[in-house]
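K.L.:
Structure below; questions to follow.
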Amino acid sequence: MTLDQLRVFLAVAEHLHFTRAAETLYITQPAVSAAIQNLEEEYGIKLFHRIGRHIEITEAGKLLQVEAQKILDQVTLTERGLRELNNLQRGELKLGSSLTIGNYWLPNKIGEFQRRYPSISVNCSLANTEDICVGTATGQFDLGLVEGVVSPSLKSTLEQEIVGSDRLVIVVGKSHPWFERVEISLTELATTDWVMRESGSGTQQRFEEALQNWEIELSQLNIILILNSGEMVKAVVENGVGATAISELMVEKELQLDTLRTVQVIDNRSGYSTIIEICRPFLKLKHRQRFQTRLSKTFESLLTLSAAE
């Protein structure tokens with residue numbers, strides 16, 4: 001049973017006339033007769049009674065008429081849905097984002113996208129960098145956004161592109177000895193307590209990478225707390241516990257209120273005092289082989305445009 005056969009059958013059932021049905025469908029009368037005959041032979045039933053020059057629909061024909069109309073109506077709705085999806089009139093965009101990006105950088109991008117395409121549903125899941133990379137690789141997300149490093153095992157699966165950036169800054173609270181200081185030397189990093197993010201965090205990955213570049217072992221730092229939320233880290237340090245390296249985006253408000261202060265790190269290993277900055281890119285991830293919807297491509301274009309501005 002094909003959709004064309006159902007369309008022919010419905011035309012005949014409506015007009016109760018083979019020739020008029022053929023004219024309506026812009027096909028030949030023998031083609032109409034053949035379609036009806038094939039249906040009847042396939043299922044061993046009669047759809048129409050032939051009475052002289054006239055036809056009447058049978059009980060089997062009446063059943064098929066109702067069901068065939070439902071089928072074709074559903075096909076029409078499905079075709080319309082696919083067209084609307086391609087025209088960005090409906091659909092769901094599934095994003096995965098690491099916590100810093102998702103809480104502080106991405107909302108403006110999603111807001112702009114939904115202002116342009118209000119009928120599109122955006123589903124954004126937040127997790128640490130490691131989980132977002134895995135989710136993007138397994139098809140859980142159309143696009144992933146992370147500030148950490150993609151593990152070597154996933155680099156062949158995931159395509160990555162820089163779409164933004166921020167800085168990690170070292171901050172302390174009011175009761176910390178460094179609060180009144182503008183800068184510290186690299187050697188002083190080992191003289192205070194530290195509050196860190198968990199190992200799968202992009203923030204932690206970048207800070208550990210910076211320490212390696214400064215020839216400092218992580219084990220040299222006195223880590224007293226490891227937390228899985230940047231907000232928790234910020235709150236603990238703001239209350240006077242240790243120092244932390246954190247996204248500048250996350251502490252903008254606290255820096256303005258002067259409840260936290262940044263401390264610049266000076267590298268004087270070469271005999272010259274150089275201010276060190278920890279810059280990190282925001283990466284957009286997508287699977288190299290999975291089909292990419294028009295929704296995904298459109299949102300991706302918005303991110304790329306923002307990065308260029």
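Every chain in the structure tokens takes a letter, A first, then B, and so on in the order presented; its residues are numbered from 1, and the ligands are numbered from 1 following the presented order.
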Which residues are near range 63-72 of chain A? Cut-off 9 Å, only C-alpha atoms, ignore same chain within fewer than 2 positions. Put them as an MDAnalysis selection string.
P.N.:
chainID A and resid 3 6:7 9:10 13 47 58:61 74:77
K.L.:
Write out, as CSV, each residue of range 143-257 of chain A that has an atom at most 12 Å from range 98-117 of chain A, together with the closest pair of atoms and their distance in Å to one decimal, counting only C-alpha atoms, rows going by chain and rising number.
P.N.:
residue,atom,partner,partner_atom,distance
A:Leu143,CA,A:Ser98,CA,11.7
A:Gly144,CA,A:Ser98,CA,8.2
A:Leu145,CA,A:Ser98,CA,6.3
A:Val146,CA,A:Ser98,CA,5.0
A:Glu147,CA,A:Ser98,CA,7.0
A:Gly148,CA,A:Ser98,CA,8.4
A:Val149,CA,A:Ser98,CA,11.4
A:Val163,CA,A:Trp105,CA,10.9
A:Gly164,CA,A:Trp105,CA,8.9
A:Ser165,CA,A:Trp105,CA,9.5
A:Asp166,CA,A:Trp105,CA,9.5
A:Arg167,CA,A:Thr100,CA,11.5
A:Leu168,CA,A:Thr100,CA,11.1
A:Arg197,CA,A:Leu99,CA,11.3
A:Gly200,CA,A:Ser98,CA,10.2
A:Ser201,CA,A:Ser98,CA,8.0
A:Gly202,CA,A:Ser98,CA,7.5
A:Thr203,CA,A:Thr100,CA,8.3
A:Gln204,CA,A:Thr100,CA,11.7
A:Asn228,CA,A:Leu99,CA,9.8
A:Ser229,CA,A:Leu99,CA,7.9
A:Gly230,CA,A:Thr100,CA,7.4
A:Glu231,CA,A:Thr100,CA,9.4
A:Ile246,CA,A:Thr100,CA,9.4
A:Ser247,CA,A:Thr100,CA,7.3
A:Glu248,CA,A:Thr100,CA,9.9
A:Leu249,CA,A:Tyr104,CA,6.4
A:Met250,CA,A:Tyr104,CA,6.8
A:Val251,CA,A:Tyr104,CA,10.1
A:Glu252,CA,A:Tyr104,CA,10.3
A:Lys253,CA,A:Tyr104,CA,11.7
K.L.:
A:Glu183, A:Asp142, A:Asp258, A:Glu92: which is nearest Ser119 in chain A, counting only C-alpha atoms?
P.N.:
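The answer is A:Glu92, which sits nearest to Ser119 in chain A.
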K.L.:
I need the residues of range 8-186 of chain A that end up classed as alpha helix (DSSP H) by DSSP on the backbone, written out as an MDAnalysis selection string.
P.N.:
chainID A and resid 8:15 18:25 29:43 59:86 99:100 106:116 129:137
K.L.:
Measuring atom to atom with only C-alpha atoms, identify which of A:Gly81, A:Gly240, A:Pro177, A:Gly96 is nearest to Val134 in chain A.
P.N.:
A:Gly96
K.L.:
Could you list, with a cut-off of 8 Å and counting only C-alpha atoms, the residues of range 55-141 of chain A near range 273-293 of chain A, each shown with its nearest atom pair and the distance in Å rounded to one decimal, rows sorted by chain and ascending number, as JSON lines?
P.N.:
{"residue": "A:Ile101", "atom": "CA", "partner": "A:Phe282", "partner_atom": "CA", "distance": 7.7}
{"residue": "A:Cys133", "atom": "CA", "partner": "A:Leu285", "partner_atom": "CA", "distance": 7.6}
{"residue": "A:Thr136", "atom": "CA", "partner": "A:Lys286", "partner_atom": "CA", "distance": 6.4}
{"residue": "A:Ala137", "atom": "CA", "partner": "A:His287", "partner_atom": "CA", "distance": 5.9}
{"residue": "A:Gly139", "atom": "CA", "partner": "A:His287", "partner_atom": "CA", "distance": 7.7}
K.L.:
Mind checking which residues fall within 10 Å of Leu260 in chain A, counting only C-alpha atoms, ignoring those fewer than 6 positions away in the same chain, and posting them as a PyMOL selection string?
P.N.:
chain A and resi 170-176+179+234-235+237-240+251-254
K.L.:
Have a look at A:Thr78, A:Ser121, A:Ser185, A:Ser301 and name the one nearest to Val263 in chain A; count only C-alpha atoms.
P.N.:
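Among A:Thr78, A:Ser121, A:Ser185, A:Ser301, it is A:Ser185 that comes nearest to Val263 in chain A.
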K.L.:
Counting only C-alpha atoms, which of A:Gln212, A:Thr2, A:Thr192, A:Gln256 gets nearest to Glu42 in chain A?
P.N.:
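Counting only C-alpha atoms, the residue closest to Glu42 in chain A is A:Thr2.
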K.L.:
Quick one: residues within 8 Å of range 17-31 of chain A, only C-alpha atoms counted, chain neighbours fewer than 3 positions away excluded, as a list in words?
P.N.:
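The filter keeps Val8, Ala11, Val12, Ala13, Ala34, Ala35, His54 and Ile55 of chain A.
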K.L.:
Among range 23-183 of chain A, which residues does DSSP mark as strand (DSSP E or B) when it is run on the backbone? Keep the chain and numbering as in the structure and answer as an NGL selection string.
P.N.:
:A and (48-51 or 54-57 or 92-98 or 121-127 or 143-146 or 158-173 or 183)
K.L.:
Could you state the separation of CA of Thr129 in chain A and CA of Ser219 in chain A in Å, given to one decimal place?
P.N.:
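Taking CA of Thr129 in chain A and CA of Ser219 in chain A, their separation equals 22.6 Å.
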K.L.:
Let me make sure I understand: among A:Leu186, A:Thr304, A:Ser97, A:Ile266, which one has the smallest atom-to-atom distance to Ile162 in chain A if we use only C-alpha atoms?
P.N.:
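Distance minimum relative to Ile162 in chain A lands on A:Thr304.
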